[in-house]
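**Q** Okay, here's the structure, questions in a sec.
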2 protein chains.
Amino acid sequence: MVGLRKAVTSDAARRAEAARREAANAEAVGRMTGADPVLIDVQAAGDVVPGMEANVILTSGPPMPWDQYYGGQRSAVISGAIYEGLASDEEDADARLRDGRIVLASTHDHGCVGSVAGIYTASMPVFVVRNSVRGNQSYCNFYEGESRHRLNYGSYNDDVRRGLDFIRDELAPVLQDVIGRSGGVPLKPIIGRALRMGDELHSRNTAATTLFIRELTPQFLDYAVDTSSERAQTALRFFFGSDYSFLRLSMAAAKAMADAARDVPGSSVVTAMTISCRNFAIRVSGLGDEWFLGPLPEVECKLFDGFTDDDVQWIGGESHITETVGLGGFAQAAAFGLQAYQGGSAAEMVAMNSRMYDITVAEHPDFLIPYFGFRGTPVGIDIFQVTATGTQPVIDGGLAGKGGGQIGAGILRAPLECFSAAAAAYSRRYG
Amino acid sequence: MVGLRKAVTSDAARRAEAARREAANAEAVGRMTGADPVLIDVQAAGDVVPGMEANVILTSGPPMPWDQYYGGQRSAVISGAIYEGLASDEEDADARLRDGRIVLASTHDHGCVGSVAGIYTASMPVFVVRNSVRGNQSYCNFYEGESRHRLNYGSYNDDVRRGLDFIRDELAPVLQDVIGRSGGVPLKPIIGRALRMGDELHSRNTAATTLFIRELTPQFLDYAVDTSSERAQTALRFFFGSDYSFLRLSMAAAKAMADAARDVPGSSVVTAMTISCRNFAIRVSGLGDEWFLGPLPEVECKLFDGFTDDDVQWIGGESHITETVGLGGFAQAAAFGLQAYQGGSAAEMVAMNSRMYDITVAEHPDFLIPYFGFRGTPVGIDIFQVTATGTQPVIDGGLAGKGGGQIGAGILRAPLECFSAAAAAYSRRYG
């Protein structure tokens, strides 16, 4: 009788625990999908990013000792130090990074998200996005333009430097002005609309880039009349010069939405995913700031002409904050045009997207997929659904090459090890 | 032996005839898909449309005696006469239309295409589109705005009149100026791109409208600085006020492409489809200017709230020039977002779109459908493939109501009778 009694109790306890977790996950995903990210400003990172002192450099990935960085991500950090004037050359930068005169930190710990290597220095302009529902702010620096060689892909030369100067000195002031005139640009309606126009807001941002400028065209006209027609034209040309311009805004918006779901006790919903040159890692709402590490992701990629699998090098990346909030790979059935960029077929995209419903706790109320009859995107990755099904989150990603620069794009699969590690930690904490 | 001889000859003759028709159709569809429509100007219809004298009114549909018009299309013609100052009231207009002081003609005979009733009067501004490959020009007047009540839907009141005045006096001059500054806007790249962004360019023009203004934003900035910031802002607000603004440009572009395929001897490819209040009609490349008539189309529609099937009234329509060149219903698998507007499901849209390959002679080299792995849209409707398969061309269309105004949207099916009549005429002409 005692044995039976115990079994019943344990069963009831399991049910109660499941109910508590379900409620916590509903709360977390509700905060995530209910967030209202608004672009309110452009500022120098040093003036607005919390803890962003003049000698701080941020990079993608969980915190890691300097000597663990290698290849393109190491080069990118060093180049960031040189660009910012914190070091005279590679050797000097290395010495300063070793002894802490230059402080290297993780973007996510400063409200930022990194694209690929994700280098932030204090003078770089960032978009400032505020979740008007909970007041949390997030930041993302600017897209560098169409060149294959960009600091965020580990490249640095005079062209890259001039490009960064242009962004800081010519593009950012115009955008700051027009955003100020607008009183703030709500990003969620643009994202929702872009999903009906073939974007998934990670590897495809064509519609969102156009809709964003459409939103600000009246202010651009006013700026041209009041201040400088030439600067307005130059800024527009640059922003329209790439269909990826909006990616940094979809990342900042996603970060603001994901952060809204942090720290809900008992929630097993993923609130961040990141990549460094060594690891893939995730954070979970009910497990605080801890990162749960796994190996680098598997990838099915379409490489640009002339490159092979051997040329791929991991140099960090956090743009899959979009997948964390139900965009990117979780919305790929909205963006069949991506086939041209990253390979695959419409049928495969539909199948991959559909499988994401198996590992998420909700369907997004505002991000809808026309092909699925306006079903909401799968949102709120649950670590236990991932470990139970063995289904890996899929990510639309760009790929960096050993020589620096982007060399392809494709589907990345988050490693199960992160989710198992997080599940074990959850069990330790919540029993 | 004589009998056998004759059969062989007849068989060979049939094969030769089929080969001739195939070659003619390849020529016709090649001219259609190879056309390069460029928006070159905005002008008053009376200044640029061939044969558009001050007392001429154009309307949708094949030519028809005035006393055959009824309902909304009749009201629209009379309202056009009053709006243009050609008549003082309905009775006066009717008298003048009867005795020929006002000349009523078909849009298609003047290089124009009509949206719904398709009323053109001499003072109305039109977009001027030129096929730079063959030099043929086409024209389309402007979208009247979001109101359910519009002259092209058979409505007329002070608001409609003020709306038309605004288009003529405030919108058209700004667009004329910025188009002039641009040196001409190639429309095919915008259309091709919009197909990758969820438009099918008939019932959905959201992306194309945005891309079009994106193309002209530098010129709008210059106009604001040089001429009038206020007029630039007003024009932008109106043009962006509706996602349908580009429809008139996709119609004019389609007309320029379709006209390029006219008059290829021996071709059985459709070069125009039109609707009046009494008939559906088609034109065929190898059969000159003759219209082949059938009954009004079948329709599966989603009506706006408060309307029933009994409220539907046919008042004309020629926007399905888009389907004639491989857009609209022939590209609906590019525009799953349309479900919200006209009903149906993604699976039905895919099935309908796929069936159009059975009745067309080519796949468009530049208009590609992402969902189909970038297969070209079906283009060049062959009257014999329609009669042989019994598959009716599908059209994404808006529906007019008896009380005037738009009351819904849906799928129209072109009646087989038009194609049988054309096939019979073809046989008479070509044996």
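Chain lettering (A, B, ...) mirrors the order of the structure tokens, residue numbering begins at 1 for each chain separately, and ligand numbering begins at 1 in order of display.
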Hey, list the chain A side of the contact with chain B: 8 Å cut-off, only C-alpha atoms, answer as a PDB file with N, CA, C and O atoms, in the first residue's frame.
**A**
ATOM      1  N   ARG A 196       4.472  38.732 -44.822  1.00  0.00           N
ATOM      2  CA  ARG A 196       3.503  38.537 -45.915  1.00  0.00           C
ATOM      3  C   ARG A 196       4.098  38.955 -47.255  1.00  0.00           C
ATOM      4  O   ARG A 196       3.446  38.886 -48.281  1.00  0.00           O
ATOM      5  N   MET A 197       5.371  39.384 -47.208  1.00  0.00           N
ATOM      6  CA  MET A 197       6.026  39.858 -48.432  1.00  0.00           C
ATOM      7  C   MET A 197       7.355  39.132 -48.670  1.00  0.00           C
ATOM      8  O   MET A 197       8.297  39.698 -49.213  1.00  0.00           O
ATOM      9  N   GLY A 198       7.397  37.866 -48.224  1.00  0.00           N
ATOM     10  CA  GLY A 198       8.521  37.022 -48.613  1.00  0.00           C
ATOM     11  C   GLY A 198       9.771  37.110 -47.762  1.00  0.00           C
ATOM     12  O   GLY A 198      10.789  36.515 -48.108  1.00  0.00           O
ATOM     13  N   ASP A 199       9.732  37.850 -46.659  1.00  0.00           N
ATOM     14  CA  ASP A 199      10.880  37.871 -45.746  1.00  0.00           C
ATOM     15  C   ASP A 199      10.663  36.869 -44.615  1.00  0.00           C
ATOM     16  O   ASP A 199       9.527  36.603 -44.222  1.00  0.00           O
ATOM     17  N   ALA A 207      11.827  43.013 -48.060  1.00  0.00           N
ATOM     18  CA  ALA A 207      10.591  43.781 -47.873  1.00  0.00           C
ATOM     19  C   ALA A 207      10.722  44.709 -46.675  1.00  0.00           C
ATOM     20  O   ALA A 207      10.347  45.885 -46.748  1.00  0.00           O
ATOM     21  N   THR A 210      12.634  47.841 -47.334  1.00  0.00           N
ATOM     22  CA  THR A 210      11.849  48.782 -48.132  1.00  0.00           C
ATOM     23  C   THR A 210      10.727  49.408 -47.306  1.00  0.00           C
ATOM     24  O   THR A 210      10.495  50.618 -47.375  1.00  0.00           O
ATOM     25  N   LEU A 211      10.040  48.595 -46.505  1.00  0.00           N
ATOM     26  CA  LEU A 211       8.938  49.113 -45.687  1.00  0.00           C
ATOM     27  C   LEU A 211       9.453  50.091 -44.628  1.00  0.00           C
ATOM     28  O   LEU A 211       8.777  51.071 -44.305  1.00  0.00           O
ATOM     29  N   ARG A 214      10.072  53.277 -46.371  1.00  0.00           N
ATOM     30  CA  ARG A 214       8.741  53.822 -46.706  1.00  0.00           C
ATOM     31  C   ARG A 214       8.162  54.562 -45.502  1.00  0.00           C
ATOM     32  O   ARG A 214       7.621  55.652 -45.630  1.00  0.00           O
ATOM     33  N   THR A 217      10.041  57.896 -45.161  1.00  0.00           N
ATOM     34  CA  THR A 217      10.191  58.764 -46.328  1.00  0.00           C
ATOM     35  C   THR A 217       9.741  60.203 -46.055  1.00  0.00           C
ATOM     36  O   THR A 217      10.435  61.151 -46.444  1.00  0.00           O
ATOM     37  N   PRO A 218       8.613  60.420 -45.361  1.00  0.00           N
ATOM     38  CA  PRO A 218       8.240  61.816 -45.071  1.00  0.00           C
ATOM     39  C   PRO A 218       9.329  62.548 -44.284  1.00  0.00           C
ATOM     40  O   PRO A 218       9.610  63.724 -44.562  1.00  0.00           O
ATOM     41  N   PHE A 220      12.560  61.787 -44.273  1.00  0.00           N
ATOM     42  CA  PHE A 220      13.701  61.996 -45.177  1.00  0.00           C
ATOM     43  C   PHE A 220      13.474  63.238 -46.037  1.00  0.00           C
ATOM     44  O   PHE A 220      14.392  64.022 -46.284  1.00  0.00           O
ATOM     45  N   LEU A 221      12.254  63.420 -46.511  1.00  0.00           N
ATOM     46  CA  LEU A 221      11.941  64.616 -47.302  1.00  0.00           C
ATOM     47  C   LEU A 221      12.159  65.874 -46.466  1.00  0.00           C
ATOM     48  O   LEU A 221      12.777  66.841 -46.941  1.00  0.00           O
ATOM     49  N   ASP A 222      11.669  65.855 -45.231  1.00  0.00           N
ATOM     50  CA  ASP A 222      11.842  67.026 -44.368  1.00  0.00           C
ATOM     51  C   ASP A 222      13.322  67.296 -44.107  1.00  0.00           C
ATOM     52  O   ASP A 222      13.762  68.448 -44.128  1.00  0.00           O
ATOM     53  N   ALA A 224      15.803  66.495 -46.008  1.00  0.00           N
ATOM     54  CA  ALA A 224      16.408  67.009 -47.248  1.00  0.00           C
ATOM     55  C   ALA A 224      16.144  68.507 -47.395  1.00  0.00           C
ATOM     56  O   ALA A 224      17.024  69.277 -47.777  1.00  0.00           O
ATOM     57  N   VAL A 225      14.921  68.913 -47.074  1.00  0.00           N
ATOM     58  CA  VAL A 225      14.552  70.322 -47.209  1.00  0.00           C
ATOM     59  C   VAL A 225      15.220  71.168 -46.119  1.00  0.00           C
ATOM     60  O   VAL A 225      15.783  72.228 -46.392  1.00  0.00           O
ATOM     61  N   SER A 229      20.100  67.935 -48.462  1.00  0.00           N
ATOM     62  CA  SER A 229      19.582  67.037 -49.484  1.00  0.00           C
ATOM     63  C   SER A 229      20.627  65.982 -49.831  1.00  0.00           C
ATOM     64  O   SER A 229      20.311  64.801 -49.990  1.00  0.00           O
ATOM     65  N   GLN A 233      20.231  61.969 -49.519  1.00  0.00           N
ATOM     66  CA  GLN A 233      20.366  61.104 -50.694  1.00  0.00           C
ATOM     67  C   GLN A 233      21.421  60.033 -50.457  1.00  0.00           C
ATOM     68  O   GLN A 233      21.232  58.860 -50.810  1.00  0.00           O
ATOM     69  N   LEU A 236      20.115  57.387 -48.024  1.00  0.00           N
ATOM     70  CA  LEU A 236      19.128  56.528 -48.684  1.00  0.00           C
ATOM     71  C   LEU A 236      19.806  55.549 -49.620  1.00  0.00           C
ATOM     72  O   LEU A 236      19.453  54.373 -49.667  1.00  0.00           O
ATOM     73  N   PHE A 336       9.974  31.773 -49.554  1.00  0.00           N
ATOM     74  CA  PHE A 336      10.465  30.767 -50.511  1.00  0.00           C
ATOM     75  C   PHE A 336      11.571  31.322 -51.401  1.00  0.00           C
ATOM     76  O   PHE A 336      12.356  30.565 -51.959  1.00  0.00           O
ATOM     77  N   GLY A 337      11.635  32.640 -51.518  1.00  0.00           N
ATOM     78  CA  GLY A 337      12.696  33.259 -52.311  1.00  0.00           C
ATOM     79  C   GLY A 337      14.094  32.936 -51.782  1.00  0.00           C
ATOM     80  O   GLY A 337      15.074  33.041 -52.519  1.00  0.00           O
ATOM     81  N   GLN A 339      15.415  30.185 -51.310  1.00  0.00           N
ATOM     82  CA  GLN A 339      16.034  29.063 -52.021  1.00  0.00           C
ATOM     83  C   GLN A 339      17.212  29.519 -52.874  1.00  0.00           C
ATOM     84  O   GLN A 339      18.224  28.831 -52.977  1.00  0.00           O
ATOM     85  N   SER A 345      14.608  23.383 -51.237  1.00  0.00           N
ATOM     86  CA  SER A 345      13.406  23.488 -52.066  1.00  0.00           C
ATOM     87  C   SER A 345      12.266  23.981 -51.196  1.00  0.00           C
ATOM     88  O   SER A 345      12.355  23.961 -49.967  1.00  0.00           O
ATOM     89  N   ALA A 346      11.196  24.417 -51.849  1.00  0.00           N
ATOM     90  CA  ALA A 346      10.030  24.890 -51.100  1.00  0.00           C
ATOM     91  C   ALA A 346       9.504  23.776 -50.192  1.00  0.00           C
ATOM     92  O   ALA A 346       9.158  24.023 -49.035  1.00  0.00           O
ATOM     93  N   PRO A 370       1.589  33.193 -44.514  1.00  0.00           N
ATOM     94  CA  PRO A 370       0.502  33.057 -45.492  1.00  0.00           C
ATOM     95  C   PRO A 370       0.355  31.623 -46.017  1.00  0.00           C
ATOM     96  O   PRO A 370      -0.765  31.119 -46.117  1.00  0.00           O
ATOM     97  N   TYR A 371       1.488  30.973 -46.320  1.00  0.00           N
ATOM     98  CA  TYR A 371       1.410  29.625 -46.896  1.00  0.00           C
ATOM     99  C   TYR A 371       0.697  28.660 -45.963  1.00  0.00           C
ATOM    100  O   TYR A 371       0.039  27.729 -46.407  1.00  0.00           O
ATOM    101  N   PHE A 372       0.840  28.873 -44.660  1.00  0.00           N
ATOM    102  CA  PHE A 372       0.161  28.016 -43.682  1.00  0.00           C
ATOM    103  C   PHE A 372      -1.251  28.533 -43.363  1.00  0.00           C
ATOM    104  O   PHE A 372      -1.779  28.249 -42.293  1.00  0.00           O
ATOM    105  N   GLY A 373      -1.853  29.292 -44.278  1.00  0.00           N
ATOM    106  CA  GLY A 373      -3.190  29.838 -44.024  1.00  0.00           C
ATOM    107  C   GLY A 373      -3.172  30.820 -42.865  1.00  0.00           C
ATOM    108  O   GLY A 373      -4.117  30.879 -42.082  1.00  0.00           O
TER     109      GLY A 373
END
**Q** List the spatial neighbours of Glu84 of chain A as a compact mmCIF listing (two decimals) with C-alpha atoms, in the first residue's frame - criterion: any atom at most 12 Å away, only C-alpha atoms, same-chain residues fewer than 3 positions off excluded.
**A**
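Full text of around-v8.txt as output:
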# COMPACT_ATOMS: atom_id res chain seq x y z
CA ALA A 45 27.42 52.55 -28.28
CA GLY A 46 29.56 54.23 -25.62
CA ALA A 54 35.69 53.39 -23.90
CA ASN A 55 38.02 50.38 -23.52
CA VAL A 56 35.32 47.73 -23.91
CA ILE A 57 34.93 45.58 -27.01
CA VAL A 77 38.39 41.62 -32.08
CA ILE A 78 41.93 42.84 -32.80
CA SER A 79 40.71 44.82 -35.80
CA GLY A 80 38.00 46.35 -33.62
CA ALA A 81 40.68 47.46 -31.13
CA ALA A 87 45.76 49.60 -29.90
CA SER A 88 48.35 50.48 -32.51
CA ASP A 89 48.72 47.04 -34.08
CA ALA A 93 46.07 44.75 -29.12
CA ILE A 102 41.12 46.32 -23.24
CA ILE A 119 32.26 43.45 -32.92
CA TYR A 120 31.08 46.53 -30.99
CA THR A 121 33.39 49.37 -30.00
CA ALA A 122 32.40 52.50 -28.08
CA SER A 123 32.29 54.91 -31.02
CA MET A 124 30.14 52.69 -33.22
CA ARG A 161 37.69 51.14 -42.10
CA LEU A 164 32.80 52.00 -40.75
CA ASP A 165 33.72 55.70 -40.75
CA ARG A 168 29.48 56.55 -38.04
**Q** Please produce, as JSON lines, a per-residue contact table for segment 296-355 of chain A versus segment 188-192 of chain A (criterion: any atom at most 12 Å away, only C-alpha atoms considered), showing the nearest atom pair and its distance in Å to one decimal, sorted by chain then residue number.
**A**
{"residue": "A:Thr322", "atom": "CA", "partner": "A:Ile191", "partner_atom": "CA", "distance": 10.9}
{"residue": "A:Val325", "atom": "CA", "partner": "A:Lys188", "partner_atom": "CA", "distance": 11.7}
{"residue": "A:Gly326", "atom": "CA", "partner": "A:Ile191", "partner_atom": "CA", "distance": 11.3}
{"residue": "A:Leu327", "atom": "CA", "partner": "A:Ile191", "partner_atom": "CA", "distance": 9.2}
{"residue": "A:Gly328", "atom": "CA", "partner": "A:Ile191", "partner_atom": "CA", "distance": 11.2}
{"residue": "A:Ala331", "atom": "CA", "partner": "A:Gly192", "partner_atom": "CA", "distance": 11.0}
{"residue": "A:Ala334", "atom": "CA", "partner": "A:Gly192", "partner_atom": "CA", "distance": 10.8}
**Q** Using only N, CA and C atoms, please write the residues we just selected to a file, as a tab-separated table (two decimals), in the first residue's frame.
**A**
chain	number	residue	atom	x	y	z
A	322	THR	N	16.71	35.94	-34.03
A	322	THR	CA	15.44	35.96	-34.78
A	322	THR	C	14.71	34.62	-34.64
A	325	VAL	N	12.72	34.13	-31.43
A	325	VAL	CA	11.40	34.75	-31.27
A	325	VAL	C	10.43	34.36	-32.39
A	326	GLY	N	10.72	33.27	-33.13
A	326	GLY	CA	9.76	32.77	-34.12
A	326	GLY	C	9.94	33.34	-35.51
A	327	LEU	N	11.15	33.81	-35.82
A	327	LEU	CA	11.41	34.32	-37.17
A	327	LEU	C	12.52	33.47	-37.80
A	328	GLY	N	13.11	33.94	-38.89
A	328	GLY	CA	14.20	33.20	-39.53
A	328	GLY	C	13.77	31.80	-39.94
A	331	ALA	N	10.28	30.74	-39.67
A	331	ALA	CA	9.30	31.42	-40.53
A	331	ALA	C	9.69	31.25	-41.99
A	334	ALA	N	7.53	31.41	-45.09
A	334	ALA	CA	7.08	32.73	-45.56
A	334	ALA	C	8.02	33.30	-46.61
**Q** Could you list, as a VMD selection string, every residue within 6 Å of segment 280-284 of chain B, counting only C-alpha atoms and ignoring same-chain residues fewer than 2 positions away?
**A** chain B and resid 268 to 275 286 to 287 291 to 296
**Q** Can I get the selected residues back with N, CA and C atoms, as a compact mmCIF listing (two decimals), in the first residue's frame?
**A**
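File result_24.txt, as written:
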# COMPACT_ATOMS: atom_id res chain seq x y z
N SER B 268 -2.20 31.46 -82.30
CA SER B 268 -3.47 31.25 -81.58
C SER B 268 -3.36 31.70 -80.12
N VAL B 269 -2.41 32.59 -79.85
CA VAL B 269 -2.20 33.09 -78.49
C VAL B 269 -3.12 34.28 -78.22
N VAL B 270 -3.73 34.28 -77.04
CA VAL B 270 -4.64 35.36 -76.63
C VAL B 270 -3.82 36.62 -76.32
N THR B 271 -4.25 37.76 -76.84
CA THR B 271 -3.55 39.02 -76.59
C THR B 271 -4.36 40.02 -75.76
N ALA B 272 -5.63 39.71 -75.51
CA ALA B 272 -6.42 40.57 -74.61
C ALA B 272 -7.65 39.79 -74.15
N MET B 273 -8.08 40.10 -72.93
CA MET B 273 -9.34 39.58 -72.40
C MET B 273 -10.07 40.77 -71.81
N THR B 274 -11.36 40.84 -72.03
CA THR B 274 -12.10 41.99 -71.52
C THR B 274 -13.49 41.59 -71.05
N ILE B 275 -14.06 42.43 -70.22
CA ILE B 275 -15.41 42.21 -69.71
C ILE B 275 -16.19 43.51 -69.86
N GLY B 286 -3.31 36.04 -84.04
CA GLY B 286 -3.40 35.82 -85.49
C GLY B 286 -4.76 36.17 -86.08
N LEU B 287 -5.64 36.74 -85.26
CA LEU B 287 -7.00 37.00 -85.74
C LEU B 287 -7.36 38.49 -85.69
N TRP B 291 -13.07 40.68 -81.64
CA TRP B 291 -13.32 40.18 -80.29
C TRP B 291 -14.18 38.93 -80.40
N PHE B 292 -13.86 37.91 -79.63
CA PHE B 292 -14.65 36.69 -79.61
C PHE B 292 -15.39 36.63 -78.28
N LEU B 293 -16.72 36.66 -78.42
CA LEU B 293 -17.55 36.90 -77.24
C LEU B 293 -18.04 35.60 -76.57
N GLY B 294 -18.24 35.69 -75.28
CA GLY B 294 -18.87 34.63 -74.51
C GLY B 294 -19.69 35.27 -73.40
N PRO B 295 -20.30 34.43 -72.59
CA PRO B 295 -21.10 34.97 -71.47
C PRO B 295 -20.18 35.55 -70.38
N LEU B 296 -20.78 36.20 -69.41
CA LEU B 296 -20.01 36.72 -68.28
C LEU B 296 -19.37 35.57 -67.51
**Q** Please list as a compact mmCIF listing (two decimals) with all heavy atoms, in the first residue's frame every residue within 10 Å of Tyr426 of chain A, counting only C-alpha atoms and excluding residues in the same chain fewer than 3 positions away.
**A**
# COMPACT_ATOMS: atom_id res chain seq x y z
N GLY A 266 10.90 28.90 -13.40
CA GLY A 266 10.26 27.66 -13.82
C GLY A 266 10.07 27.52 -15.31
O GLY A 266 9.66 26.46 -15.79
N SER A 267 10.38 28.58 -16.09
CA SER A 267 10.18 28.47 -17.54
C SER A 267 11.37 27.78 -18.21
O SER A 267 12.53 28.11 -17.95
CB SER A 267 9.98 29.85 -18.17
OG SER A 267 10.04 29.74 -19.58
N SER A 268 11.06 26.87 -19.11
CA SER A 268 12.10 26.14 -19.86
C SER A 268 12.22 26.65 -21.29
O SER A 268 12.69 25.95 -22.18
CB SER A 268 11.79 24.65 -19.84
OG SER A 268 10.49 24.41 -20.34
N VAL A 284 18.23 30.03 -20.98
CA VAL A 284 16.86 29.59 -20.73
C VAL A 284 16.21 30.52 -19.70
O VAL A 284 16.87 30.92 -18.73
CB VAL A 284 16.88 28.12 -20.22
CG1 VAL A 284 15.47 27.65 -19.87
CG2 VAL A 284 17.49 27.22 -21.30
N GLY A 286 14.09 30.36 -17.19
CA GLY A 286 14.07 30.06 -15.75
C GLY A 286 15.44 29.74 -15.17
O GLY A 286 15.53 29.36 -14.00
N LEU A 287 16.48 29.87 -15.99
CA LEU A 287 17.82 29.48 -15.51
C LEU A 287 18.81 30.64 -15.50
O LEU A 287 20.03 30.44 -15.63
CB LEU A 287 18.35 28.31 -16.35
CG LEU A 287 17.51 27.02 -16.28
CD1 LEU A 287 18.02 25.98 -17.27
CD2 LEU A 287 17.49 26.45 -14.86
N ILE A 383 13.21 23.66 -24.11
CA ILE A 383 14.35 22.71 -24.07
C ILE A 383 13.87 21.28 -23.92
O ILE A 383 14.48 20.36 -24.48
CB ILE A 383 15.35 23.06 -22.93
CG1 ILE A 383 14.65 23.15 -21.57
CG2 ILE A 383 16.09 24.36 -23.25
CD1 ILE A 383 15.63 23.27 -20.38
N PHE A 384 12.77 21.05 -23.20
CA PHE A 384 12.31 19.67 -22.99
C PHE A 384 11.66 19.09 -24.24
O PHE A 384 11.75 17.89 -24.50
CB PHE A 384 11.36 19.60 -21.79
CG PHE A 384 12.08 19.83 -20.48
CD1 PHE A 384 11.93 21.01 -19.78
CD2 PHE A 384 12.95 18.87 -19.98
CE1 PHE A 384 12.60 21.23 -18.59
CE2 PHE A 384 13.64 19.07 -18.79
CZ PHE A 384 13.46 20.26 -18.09
N SER A 420 20.30 19.41 -23.73
CA SER A 420 20.44 18.39 -22.69
C SER A 420 21.09 19.00 -21.45
O SER A 420 20.66 18.74 -20.32
CB SER A 420 21.33 17.24 -23.17
OG SER A 420 20.85 16.75 -24.40
N ALA A 421 22.12 19.82 -21.67
CA ALA A 421 22.80 20.45 -20.54
C ALA A 421 21.84 21.37 -19.79
O ALA A 421 21.80 21.39 -18.55
CB ALA A 421 24.01 21.24 -21.04
N ALA A 422 21.03 22.11 -20.54
CA ALA A 422 20.06 23.02 -19.92
C ALA A 422 18.99 22.22 -19.17
O ALA A 422 18.58 22.59 -18.06
CB ALA A 422 19.42 23.92 -20.97
N ALA A 423 18.55 21.10 -19.77
CA ALA A 423 17.53 20.27 -19.12
C ALA A 423 18.06 19.70 -17.80
O ALA A 423 17.33 19.67 -16.79
CB ALA A 423 17.09 19.14 -20.06
N ARG A 429 17.77 22.47 -10.58
CA ARG A 429 17.20 23.61 -9.88
C ARG A 429 15.77 23.37 -9.41
O ARG A 429 15.38 23.74 -8.31
CB ARG A 429 17.24 24.86 -10.75
CG ARG A 429 16.52 26.02 -10.03
CD ARG A 429 16.73 27.41 -10.51
NE ARG A 429 18.03 27.75 -11.02
CZ ARG A 429 18.36 28.99 -11.40
NH1 ARG A 429 17.47 29.96 -11.30
NH2 ARG A 429 19.54 29.24 -11.90
N TYR A 430 14.96 22.79 -10.33
CA TYR A 430 13.52 22.70 -10.02
C TYR A 430 13.08 21.30 -9.59
O TYR A 430 11.91 21.08 -9.29
CB TYR A 430 12.70 23.17 -11.21
CG TYR A 430 12.92 24.64 -11.53
CD1 TYR A 430 13.72 25.03 -12.60
CD2 TYR A 430 12.36 25.63 -10.73
CE1 TYR A 430 13.93 26.37 -12.89
CE2 TYR A 430 12.57 26.97 -11.00
CZ TYR A 430 13.35 27.35 -12.09
OH TYR A 430 13.54 28.66 -12.35
N GLY A 431 13.99 20.32 -9.62
CA GLY A 431 13.67 18.97 -9.15
C GLY A 431 12.85 18.18 -10.12
O GLY A 431 12.41 18.70 -11.13
**Q** Could you give me, as a list of chain:residue names, the residues within 10 Å of Val38 of chain B, counting only C-alpha atoms and dropping anything in the same chain fewer than 5 positions from it?
**A** B:Val128, B:Val129, B:Arg130, B:Asn131, B:Ser132, B:Gln137, B:Gly183, B:Gly184, B:Val185, B:Pro186, B:Leu187, B:Lys188, B:Pro189, B:Leu249, B:Ala252, B:Ala253, B:Ala256
**Q** For Arg148 of chain A, list every protein, DNA or RNA residue within 10 Å, evaluated using only C-alpha atoms, and leave out those in the same chain fewer than 6 positions away; present the list as a list in words.
**A**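 Counting only the stated atoms, we get Ser155, Ala400, Gly404, Gly405, Gln406 and Ile407 of chain A.
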**Q** Restrict the selected residues to N, CA and C atoms and save them as an mmCIF file, in the first residue's frame.
**A**
data_model
loop_
_atom_site.group_PDB
_atom_site.id
_atom_site.type_symbol
_atom_site.label_atom_id
_atom_site.label_comp_id
_atom_site.auth_asym_id
_atom_site.auth_seq_id
_atom_site.Cartn_x
_atom_site.Cartn_y
_atom_site.Cartn_z
ATOM 1 N N SER A 155 37.023 40.535 -41.627
ATOM 2 C CA SER A 155 37.929 41.217 -42.568
ATOM 3 C C SER A 155 38.243 42.625 -42.064
ATOM 4 N N ALA A 400 30.963 32.268 -42.734
ATOM 5 C CA ALA A 400 32.219 33.004 -42.916
ATOM 6 C C ALA A 400 33.303 32.058 -43.435
ATOM 7 N N GLY A 404 38.447 35.289 -44.285
ATOM 8 C CA GLY A 404 37.634 36.467 -43.983
ATOM 9 C C GLY A 404 36.529 36.614 -45.018
ATOM 10 N N GLY A 405 35.469 37.298 -44.639
ATOM 11 C CA GLY A 405 34.374 37.542 -45.576
ATOM 12 C C GLY A 405 33.360 36.420 -45.582
ATOM 13 N N GLN A 406 32.180 36.741 -46.169
ATOM 14 C CA GLN A 406 31.114 35.744 -46.266
ATOM 15 C C GLN A 406 31.374 34.841 -47.464
ATOM 16 N N ILE A 407 31.204 33.534 -47.289
ATOM 17 C CA ILE A 407 31.431 32.623 -48.413
ATOM 18 C C ILE A 407 30.215 31.772 -48.747
#
**Q** I need the residues in segment 113-330 of chain A that are strand (DSSP E) according to DSSP; give them as a ChimeraX atom specification.
**A** /A:125-131,137-141,185-186,270-275,280-284,292-294,298-303
**Q** Using DSSP secondary structure from the backbone, list all helix (DSSP H, G or I) positions within segment 30-176 of chain A, as JSON, numbers by chain.
**A** {"A": [30, 31, 32, 33, 34, 45, 46, 47, 48, 66, 67, 68, 71, 72, 73, 74, 75, 76, 77, 78, 79, 80, 81, 82, 83, 90, 91, 92, 93, 94, 95, 96, 97, 98, 99, 107, 108, 109, 110, 151, 152, 153, 158, 159, 160, 161, 162, 163, 164, 165, 166, 167, 168, 169, 170, 171, 172, 173, 174, 175, 176]}
**Q** Excluding Thr387 of chain A and its own-chain neighbours fewer than 4 positions away, which residues fall within 9 Å of it when counting only C-alpha atoms? Please give them as a ChimeraX atom specification.
**A** /A:359,382-383,391-392,416-417,419-420,423
